[in-house]
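Structure file data-v1.txt (compact mmCIF, C-alpha atoms) is printed below.
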```
# COMPACT_ATOMS: atom_id res chain seq x y z
CA MET A 1 0.00 0.00 0.00
CA ALA A 2 1.32 3.40 -0.98
CA VAL A 3 1.89 6.40 1.26
CA TYR A 4 -0.20 9.09 -0.42
CA THR A 5 0.64 12.30 1.46
CA GLU A 6 4.23 13.55 1.56
CA LEU A 7 5.23 15.51 4.66
CA SER A 8 7.18 18.76 4.37
CA LYS A 9 10.15 19.59 6.59
CA PRO A 10 8.53 22.83 7.88
CA PHE A 11 5.43 20.86 8.90
CA LEU A 12 7.49 18.22 10.71
CA LYS A 13 9.38 20.94 12.60
CA GLU A 14 6.12 22.63 13.60
CA LEU A 15 4.74 19.28 14.73
CA ALA A 16 7.86 18.47 16.78
CA ASP A 17 7.72 21.88 18.49
CA ASP A 18 4.00 21.60 19.33
CA TYR A 19 4.29 18.06 20.72
CA GLY A 20 7.66 18.58 22.41
CA LEU A 21 9.29 15.75 20.43
CA GLY A 22 12.69 17.35 20.08
CA ARG A 23 14.46 17.21 16.73
CA VAL A 24 12.93 14.76 14.24
CA THR A 25 15.75 12.69 12.73
CA SER A 26 13.65 10.59 10.33
CA ALA A 27 10.09 10.14 9.01
CA THR A 28 9.67 6.76 7.36
CA GLY A 29 6.50 5.93 5.45
CA ILE A 30 4.98 2.53 6.21
CA PRO A 31 2.30 0.55 4.36
CA ASP A 32 -1.15 0.37 5.90
CA GLY A 33 -4.83 0.30 5.04
CA PRO A 34 -6.46 2.27 2.22
CA ALA A 35 -7.68 5.14 4.42
CA ASN A 36 -4.35 6.31 5.84
CA SER A 37 -0.79 7.36 5.15
CA ASN A 38 1.44 6.40 8.07
CA TYR A 39 4.92 7.45 9.14
CA VAL A 40 7.21 6.30 11.90
CA LEU A 41 8.88 9.39 13.36
CA GLU A 42 12.27 9.05 15.08
CA ALA A 43 12.84 12.03 17.36
CA ALA A 44 14.97 13.07 20.29
CA LYS A 45 12.13 12.14 22.70
CA GLY A 46 11.50 8.71 21.19
CA LYS A 47 9.52 6.96 18.48
CA PHE A 48 6.05 7.99 17.31
CA LEU A 49 3.44 7.07 14.70
CA LEU A 50 2.05 9.88 12.58
CA ARG A 51 -1.18 9.18 10.71
CA VAL A 52 -2.67 11.16 7.82
CA ASP A 53 -6.33 10.31 7.24
CA GLU A 54 -6.84 10.40 3.50
CA VAL A 55 -10.63 10.04 3.39
CA LYS A 56 -11.99 10.25 6.95
CA ARG A 57 -13.93 13.37 7.90
CA GLU A 58 -13.03 15.44 10.95
CA ASN A 59 -16.09 14.37 12.97
CA GLU A 60 -15.28 10.70 12.32
CA LEU A 61 -11.71 11.18 13.53
CA LYS A 62 -13.00 12.94 16.67
CA ARG A 63 -15.19 9.94 17.49
CA GLU A 64 -12.33 7.50 16.95
CA ILE A 65 -9.95 9.47 19.18
CA ASP A 66 -12.63 9.78 21.87
CA LEU A 67 -13.13 5.99 21.84
CA LEU A 68 -9.39 5.30 21.99
CA SER A 69 -9.00 7.69 24.92
CA PHE A 70 -11.83 5.87 26.74
CA LEU A 71 -10.27 2.45 26.09
CA ARG A 72 -6.84 3.65 27.25
CA LYS A 73 -8.37 4.79 30.54
CA HIS A 74 -9.58 1.21 31.01
CA SER A 75 -6.10 -0.21 30.28
CA PHE A 76 -7.10 -1.71 26.95
CA PRO A 77 -4.11 -2.30 24.62
CA CYS A 78 -4.84 0.14 21.79
CA PRO A 79 -3.17 3.16 20.14
CA HIS A 80 -2.43 6.06 22.48
CA PRO A 81 -3.48 9.39 20.86
CA MET A 82 -1.29 12.31 21.92
CA GLN A 83 -2.21 15.90 22.66
CA ASP A 84 -0.06 18.86 21.62
CA ARG A 85 0.72 21.80 23.92
CA MET A 86 -2.66 23.37 22.99
CA GLY A 87 -4.56 20.22 23.98
CA ARG A 88 -5.32 19.28 20.37
CA PHE A 89 -5.46 15.62 19.28
CA TYR A 90 -5.17 16.39 15.55
CA ARG A 91 -4.41 19.16 13.10
CA ASN A 92 -4.88 19.96 9.41
CA PHE A 93 -2.26 19.45 6.72
CA ASN A 94 -3.13 19.83 3.02
CA ASN A 95 -6.85 19.53 3.87
CA ARG A 96 -6.28 16.24 5.70
CA CYS A 97 -6.44 15.42 9.39
CA VAL A 98 -3.10 14.49 10.96
CA SER A 99 -2.80 12.81 14.36
CA LEU A 100 0.12 11.54 16.42
CA PHE A 101 0.34 8.38 18.53
CA LYS A 102 2.87 6.83 20.84
CA TYR A 103 4.70 4.10 18.96
CA GLN A 104 3.55 0.61 19.91
CA GLU A 105 6.29 -1.97 20.20
CA GLY A 106 5.47 -5.40 18.85
CA LYS A 107 5.45 -7.62 15.82
CA VAL A 108 2.74 -8.46 13.30
CA LEU A 109 2.47 -12.20 12.71
CA ALA A 110 0.99 -13.83 9.62
CA PRO A 111 -2.23 -15.74 10.46
CA ALA A 112 -0.57 -19.11 9.79
CA ARG A 113 2.18 -18.29 12.33
CA LEU A 114 -0.17 -17.53 15.20
CA LYS A 115 0.18 -20.14 17.93
CA PRO A 116 -2.77 -21.60 19.88
CA SER A 117 -1.90 -19.48 22.93
CA GLN A 118 -1.82 -16.33 20.78
CA LEU A 119 -5.19 -17.14 19.22
CA GLU A 120 -6.62 -17.54 22.72
CA THR A 121 -5.10 -14.19 23.68
CA ILE A 122 -6.71 -12.52 20.65
CA GLY A 123 -10.09 -13.99 21.58
CA HIS A 124 -9.66 -12.90 25.21
CA THR A 125 -8.69 -9.36 24.16
CA LEU A 126 -11.68 -9.11 21.82
CA GLY A 127 -13.92 -10.23 24.67
CA ASP A 128 -12.36 -7.54 26.87
CA LEU A 129 -13.13 -4.92 24.22
CA HIS A 130 -16.79 -5.95 24.10
CA VAL A 131 -17.15 -5.97 27.88
CA ILE A 132 -15.27 -2.70 28.48
CA GLY A 133 -17.16 -1.04 25.63
CA LYS A 134 -20.49 -1.58 27.40
CA ALA A 135 -19.66 1.45 29.55
CA TYR A 136 -19.05 3.65 26.48
CA LYS A 137 -22.36 5.42 26.00
CA LYS A 138 -21.62 7.60 22.98
CA GLY A 139 -23.04 6.47 19.66
CA ILE A 140 -20.70 5.50 16.83
CA ASP A 141 -22.27 5.18 13.41
CA ASN A 142 -21.81 1.79 11.71
CA ARG A 143 -20.54 2.57 8.21
CA PHE A 144 -20.56 -1.13 7.34
CA SER A 145 -24.02 -2.29 8.39
CA PHE A 146 -25.69 -4.82 6.10
CA GLU A 147 -28.02 -2.17 4.67
CA ARG A 148 -25.09 0.06 3.73
CA ILE A 149 -23.07 -2.81 2.27
CA ALA A 150 -26.10 -3.88 0.19
CA ASP A 151 -26.47 -0.30 -1.11
CA LEU A 152 -22.73 -0.08 -1.77
CA TYR A 153 -22.87 -3.34 -3.72
CA LEU A 154 -25.56 -1.94 -6.03
CA THR A 155 -23.30 1.03 -6.76
CA VAL A 156 -20.30 -1.20 -7.38
CA ARG A 157 -22.23 -3.75 -9.43
CA ASN A 158 -23.22 -1.21 -12.04
CA ARG A 159 -19.57 -0.28 -12.61
CA LEU A 160 -17.94 -3.71 -12.75
CA PRO A 161 -16.49 -5.06 -16.03
CA ASN A 162 -18.48 -7.66 -17.99
CA TYR A 163 -16.15 -10.48 -17.00
CA PHE A 164 -17.46 -10.13 -13.41
CA ARG A 165 -20.91 -11.43 -14.41
CA LYS A 166 -20.48 -14.84 -12.75
CA ILE A 167 -19.19 -13.23 -9.55
CA CYS A 168 -22.11 -10.80 -9.60
CA ARG A 169 -24.60 -13.65 -9.81
CA THR A 170 -23.12 -15.12 -6.62
CA LEU A 171 -23.11 -11.76 -4.85
CA ASP A 172 -26.67 -10.99 -6.01
CA ASP A 173 -27.84 -14.27 -4.51
CA GLU A 174 -25.93 -13.67 -1.28
CA VAL A 175 -27.41 -10.20 -0.76
CA GLU A 176 -30.89 -11.62 -1.32
CA TYR A 177 -30.23 -14.49 1.11
CA LEU A 178 -28.87 -12.26 3.87
CA THR A 179 -31.71 -9.79 3.41
CA ARG A 180 -34.07 -12.60 4.44
CA TYR A 181 -32.03 -14.46 7.05
CA LEU A 182 -29.53 -12.13 8.72
CA GLU A 183 -30.53 -11.60 12.36
CA SER A 184 -30.47 -8.03 13.71
CA LYS A 185 -31.71 -8.50 17.31
CA LEU A 186 -28.44 -9.69 18.84
CA PRO A 187 -26.18 -8.31 21.61
CA LYS A 188 -24.52 -5.08 20.46
CA GLY A 189 -21.89 -2.67 21.69
CA VAL A 190 -18.52 -1.28 20.73
CA ILE A 191 -16.86 -3.48 18.09
CA HIS A 192 -13.51 -3.17 16.32
CA GLY A 193 -14.89 -4.16 12.91
CA ASP A 194 -11.56 -5.03 11.32
CA ILE A 195 -9.82 -7.82 13.28
CA PHE A 196 -6.97 -8.84 10.97
CA ALA A 197 -3.51 -10.16 11.81
CA GLU A 198 -1.91 -6.92 10.57
CA ASN A 199 -3.87 -5.02 13.24
CA LEU A 200 -2.45 -7.11 16.11
CA LEU A 201 0.98 -6.56 17.65
CA PHE A 202 2.67 -9.28 19.71
CA ARG A 203 5.75 -9.43 21.89
CA GLY A 204 6.11 -13.13 22.53
CA GLU A 205 2.82 -14.37 23.98
CA ARG A 206 1.63 -10.88 24.94
CA LEU A 207 -0.66 -8.88 22.68
CA THR A 208 0.75 -5.37 23.07
CA ALA A 209 -1.78 -3.53 20.89
CA MET A 210 -4.91 -3.91 18.82
CA LEU A 211 -4.53 -1.33 16.04
CA ASP A 212 -6.62 0.44 13.39
CA PHE A 213 -9.95 1.41 14.96
CA ASP A 214 -10.96 3.10 11.70
CA ALA A 215 -14.03 0.83 11.35
CA ALA A 216 -14.90 0.75 15.06
CA CYS A 217 -18.58 1.39 15.74
CA ARG A 218 -21.59 0.19 17.67
CA GLY A 219 -22.52 -3.15 16.16
CA LYS A 220 -23.15 -6.84 16.76
CA PHE A 221 -20.50 -8.58 18.85
CA ILE A 222 -20.90 -11.73 16.78
CA PHE A 223 -19.92 -9.85 13.61
CA ASP A 224 -16.60 -8.89 15.24
CA ILE A 225 -15.99 -12.53 16.16
CA ALA A 226 -16.98 -13.70 12.69
CA THR A 227 -14.48 -11.33 11.08
CA ALA A 228 -11.75 -12.61 13.41
CA VAL A 229 -12.61 -16.20 12.43
CA ASN A 230 -12.60 -15.32 8.72
CA SER A 231 -9.24 -13.56 8.93
CA LEU A 232 -7.37 -15.75 11.44
CA CYS A 233 -8.87 -19.25 11.13
CA PHE A 234 -8.91 -19.63 7.34
CA VAL A 235 -5.52 -21.06 6.36
CA ASP A 236 -4.40 -22.80 3.15
CA GLY A 237 -7.83 -22.47 1.57
CA ALA A 238 -9.84 -23.99 4.44
CA TYR A 239 -11.25 -23.20 7.86
CA SER A 240 -9.29 -24.72 10.74
CA LEU A 241 -11.50 -26.15 13.47
CA ASP A 242 -8.63 -26.15 15.98
CA ARG A 243 -7.87 -22.47 15.38
CA PHE A 244 -11.57 -21.67 15.69
CA ARG A 245 -11.74 -23.45 19.05
CA TYR A 246 -8.69 -21.67 20.45
CA LEU A 247 -10.02 -18.27 19.41
CA LEU A 248 -13.50 -18.93 20.83
CA SER A 249 -12.09 -20.43 24.03
CA GLY A 250 -10.22 -17.18 24.68
CA TYR A 251 -13.28 -15.09 23.90
CA GLU A 252 -15.67 -17.11 26.07
CA SER A 253 -13.28 -16.92 29.01
CA VAL A 254 -14.45 -13.29 29.15
CA ARG A 255 -17.91 -13.27 27.60
CA THR A 256 -20.14 -16.27 26.90
CA LEU A 257 -22.09 -16.31 23.64
CA SER A 258 -25.86 -16.63 23.81
CA LEU A 259 -27.78 -19.32 21.95
CA ALA A 260 -29.05 -16.69 19.50
CA GLU A 261 -25.46 -15.67 18.73
CA TRP A 262 -24.36 -19.26 18.12
CA ASP A 263 -27.37 -19.74 15.82
CA ALA A 264 -26.50 -16.56 13.91
CA PHE A 265 -22.79 -17.38 13.62
CA PRO A 266 -22.85 -19.03 10.12
CA ASN A 267 -24.73 -16.11 8.57
CA GLU A 268 -22.46 -13.56 10.26
CA LEU A 269 -19.47 -15.36 8.72
CA ARG A 270 -21.18 -15.00 5.36
CA PHE A 271 -21.93 -11.33 5.93
CA SER A 272 -18.35 -10.64 7.03
CA SER A 273 -17.07 -12.26 3.84
CA LEU A 274 -19.56 -10.29 1.74
CA ARG A 275 -18.63 -7.03 3.47
CA PHE A 276 -14.92 -7.31 2.68
CA THR A 277 -15.56 -8.59 -0.85
CA VAL A 278 -17.77 -5.59 -1.64
CA THR A 279 -15.64 -2.92 0.05
CA ARG A 280 -12.49 -4.19 -1.65
CA LEU A 281 -14.22 -4.14 -5.04
CA HIS A 282 -15.43 -0.63 -4.29
CA ASP A 283 -12.02 0.65 -3.17
CA PHE A 284 -10.32 -0.80 -6.25
CA PHE A 285 -12.80 0.30 -8.92
CA LEU A 286 -14.50 3.37 -7.48
CA GLN A 287 -12.37 5.00 -4.79
CA PRO A 288 -8.81 5.66 -5.89
CA VAL A 289 -6.77 7.83 -3.51
CA ASP A 290 -4.93 10.61 -5.37
CA GLY A 291 -5.22 8.63 -8.59
CA HIS A 292 -3.86 5.39 -7.06
CA ARG A 293 -6.03 2.28 -6.98
CA VAL A 294 -6.42 0.63 -3.58
CA ASP A 295 -5.38 -2.86 -4.57
CA LYS A 296 -6.53 -5.34 -1.91
CA ASP A 297 -7.59 -8.63 -3.43
CA PHE A 298 -11.35 -9.11 -3.14
CA ARG A 299 -10.95 -12.80 -4.08
CA GLU A 300 -9.49 -13.53 -0.64
CA PHE A 301 -12.93 -13.08 0.92
CA PHE A 302 -14.96 -14.14 -2.09
CA ASP A 303 -13.27 -17.55 -1.76
CA ARG A 304 -14.35 -17.72 1.88
CA LEU A 305 -17.88 -16.84 0.85
CA ARG A 306 -17.94 -19.71 -1.64
CA VAL A 307 -16.84 -22.12 1.10
CA LEU A 308 -19.51 -20.77 3.44
CA ARG A 309 -22.12 -21.18 0.70
CA ARG A 310 -20.89 -24.78 0.25
CA GLU A 311 -19.96 -24.12 -3.37
CA ARG A 312 -16.47 -25.47 -2.72
CA ALA A 313 -14.73 -27.57 -0.09
CA GLY A 314 -13.01 -25.84 2.80
CA GLY A 315 -13.74 -27.24 6.25
CA MET A 316 -17.23 -25.80 6.63
CA GLU A 317 -18.98 -28.90 7.95
CA PRO A 318 -16.82 -29.34 11.11
CA LEU A 319 -17.17 -25.61 11.78
CA LEU A 320 -20.97 -25.81 11.54
CA MET A 321 -21.01 -28.77 13.91
CA ALA A 322 -18.88 -26.83 16.42
CA MET A 323 -21.30 -23.91 16.21
CA ALA A 324 -24.34 -26.16 16.58
CA THR A 325 -22.94 -27.65 19.79
CA GLY A 326 -21.11 -24.61 21.16
CA TYR A 327 -23.83 -23.19 23.41
CA ASP A 328 -23.41 -23.99 27.11
CA TYR A 329 -26.67 -23.13 28.89
CA ARG A 330 -25.28 -23.48 32.42
CA LYS A 331 -22.24 -21.33 31.70
CA TYR A 332 -24.36 -18.68 30.00
CA GLN A 333 -26.81 -18.47 32.93
CA LYS A 334 -23.92 -18.22 35.40
CA VAL A 335 -22.36 -15.34 33.47
CA LYS A 336 -25.69 -13.51 33.17
CA ALA A 337 -26.27 -13.85 36.93
CA THR A 338 -22.81 -12.38 37.58
CA GLU A 339 -23.55 -9.48 35.24
CA ARG A 340 -26.82 -8.73 37.06
CA ARG A 341 -25.04 -8.66 40.43
CA GLN A 342 -22.41 -6.25 39.04
CA ALA A 343 -24.98 -3.93 37.42
```

Structure re-expressed in structure tokens:
Amino acid sequence: MAVYTELSKPFLKELADDYGLGRVTSATGIPDGPANSNYVLEAAKGKFLLRVDEVKRENELKREIDLLSFLRKHSFPCPHPMQDRMGRFYRNFNNRCVSLFKYQEGKVLAPARLKPSQLETIGHTLGDLHVIGKAYKKGIDNRFSFERIADLYLTVRNRLPNYFRKICRTLDDEVEYLTRYLESKLPKGVIHGDIFAENLLFRGERLTAMLDFDAACRGKFIFDIATAVNSLCFVDGAYSLDRFRYLLSGYESVRTLSLAEWDAFPNELRFSSLRFTVTRLHDFFLQPVDGHRVDKDFREFFDRLRVLRRERAGGMEPLLMAMATGYDYRKYQKVKATERRQA
């Protein structure tokens, strides 16, 4: 992924003065998601991450920073937004919002390299996010709800080349299916919305930071879990039942899924796959940044969708069996009783 916004030396000096960084010795662009340009700043006072939001509006950035500040107060491992000497969390540069964060030490691991203990840690941390987020009362708009993804797909569909006709038939059918069968009345709260390996930093067994809260919103907890399963438990063209169990074991050590959530799990996996298929098609064909196409392969999640629709092999049957038998009534009632006592 390209870095789209180049930083000027005068701007870096102004930034260093306002944040008390000391002299900036280097600003190295790093690849990241389609919505940002990111730089690692080396300065006299340490190492920092500078982010330029290429498409996000100011009010959206305000909401994200407010959520991160809340999570930091509750000791959640997430980016630490910094304030300058005027108390500002961001500033404008070339009509884009620029924010600064403390640099998070850690290493991104490819999904296939994640060990069972690390998958459990990811599940546990995601459960922590959902539980901690219950106390966050401010609304955060869900830009990737099913209704918005369905509308976005109609926009994309009309602009796709003719050789996408077969893919469109599958996506048409999937939108129609989910319109009828996707459940909306499920537990909701603050979700990350984008749990991918590249957004998780590890130092050994410890998860030091969950990054990129760009898609964070108020949504269904089960969608967050489904996205984590799609991104971390699909290896070598198939779903891994063992990886799924480790991830869910970590999650349920914090928050137990309800029967309704277990029942909805297969369709949430399908929606998660549809969401990333559609948004990647949209970003590639319809939303270039400064003339550059955002080239993330939509086929990665379209292939998952085909497995979930049973159009190709890929470990779906064992996963469905695990979901069908995953609900533990006694454990769920015990957790709910504990929650009532704490309320």

**Message:** Using Å and a single decimal, report how far CA of Arg275 (chain A) sits from CA of Phe301 (chain A).
**Reply:**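 So the two atoms, CA of Phe301 (chain A) and CA of Arg275 (chain A), lie 8.7 Å apart.
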
Close residues, region 237-248 of chain A itself excluded, 6 Å, only C-alpha atoms, min 5 positions apart in chain, as a compact mmCIF listing (two decimals) with C-alpha atoms, in the frame of the given file:
```txt
# COMPACT_ATOMS: atom_id res chain seq x y z
CA PRO A 116 -2.77 -21.60 19.88
CA LEU A 119 -5.19 -17.14 19.22
CA GLU A 120 -6.62 -17.54 22.72
CA GLY A 123 -10.09 -13.99 21.58
CA GLY A 314 -13.01 -25.84 2.80
CA GLY A 315 -13.74 -27.24 6.25
CA LEU A 319 -17.17 -25.61 11.78
```

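For the pair CA of Lys9 (chain A) and CA of Asp214 (chain A), the separation is 27.3 Å.
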
**Item:** Shortest interatomic distance to Leu274 (chain A) - which of A:Ala324, A:Val55, A:Leu171, A:Leu232, counting all atoms listed in the file
**Value:**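 Result for the nearest residue to Leu274 (chain A): A:Leu171.
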
**Item:** Polymer residues at most 7 Å from Val254 (chain A), all atoms listed in the file, same-chain spacing of 2 or more positions, as a ChimeraX atom specification
**Value:** /A:124,127-128,251-252,256

Sorted by chain and rising residue number, list the residues of region 57-153 of chain A at most 8 Å from region 184-191 of chain A (counting only C-alpha atoms), each with its closest atom pair and distance in Å to one decimal, as CSV.
```
residue,atom,partner,partner_atom,distance
A:Leu129,CA,A:Ile191,CA,7.3
A:His130,CA,A:Val190,CA,6.0
A:Gly133,CA,A:Val190,CA,5.1
A:Lys134,CA,A:Gly189,CA,6.0
A:Tyr136,CA,A:Val190,CA,7.6
```

**Message:** What's the separation between CA of Leu49 (chain A) and CA of Gly106 (chain A), in Å to one decimal place?
**Reply:**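 Answer for the CA of Leu49 (chain A) to CA of Gly106 (chain A) separation: 13.3 Å.
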
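Within 12 Å of the file-frame point (-24.5, -16.8, 32.8), and using all atoms listed in the file, the polymer residues found are Glu252, Ser253, Val254, Arg255, Thr256, Leu257, Ser258, Leu259, Tyr327, Asp328, Tyr329, Arg330, Lys331, Tyr332, Gln333, Lys334, Val335, Lys336, Ala337, Thr338, Glu339, Arg340 and Arg341 of chain A.
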
Output as a Markdown table one row per residue of region 99-149 of chain A within 10 Å of region 73-81 of chain A: the closest atom pair and its distance in Å to one decimal place, counting only C-alpha atoms, sorted by chain and residue number ascending.
```
| residue | atom | partner | partner_atom | distance |
| --- | --- | --- | --- | --- |
| A:Ser99 | CA | A:Pro81 | CA | 7.4 |
| A:Leu100 | CA | A:Pro81 | CA | 6.1 |
| A:Phe101 | CA | A:Pro81 | CA | 4.6 |
| A:Lys102 | CA | A:His80 | CA | 5.6 |
| A:Tyr103 | CA | A:Pro79 | CA | 8.0 |
| A:Gln104 | CA | A:Pro79 | CA | 7.2 |
| A:Thr125 | CA | A:Phe76 | CA | 8.3 |
| A:Asp128 | CA | A:Phe76 | CA | 7.9 |
| A:Leu129 | CA | A:Phe76 | CA | 7.4 |
| A:Ile132 | CA | A:His74 | CA | 7.4 |
| A:Gly133 | CA | A:His74 | CA | 9.6 |
```

**Message:** Ranking A:Ala43, A:Leu109, A:Val156, A:Leu114 by minimum distance to Phe284 (chain A) and counting all atoms listed in the file, which one comes first?
**Reply:** A:Val156

**Message:** Here is a test: counting all atoms listed in the file, which residue of A:Ile149, A:Leu7, A:Ile122, A:Ala110 is nearest to Ser249 (chain A)?
**Reply:** A:Ile122

**Request:** Check the smallest atom-to-atom distance from each of A:Asp236, A:Asp18, A:Asp224, A:Glu205 to Ser273 (chain A) using all atoms listed in the file, then report the winner.
**Result:** A:Asp224

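Every protein, DNA or RNA residue with an atom at most 12 Å from Arg310 (chain A), where only C-alpha atoms count and chain neighbours fewer than 4 positions away do not, is listed here: Ala238, Pro266, Arg270, Asp303, Arg304, Leu305, Arg306, Gly314, Gly315, Met316, Glu317 and Leu320 of chain A.
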
**Asked** Hey, which of A:Ala226, A:Leu154, A:Ala264, A:Ala44 ends up closest to Tyr181 (chain A)? Count only C-alpha atoms.
**Response**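 Using only C-alpha atoms, Tyr181 (chain A) sits closest to A:Ala264.
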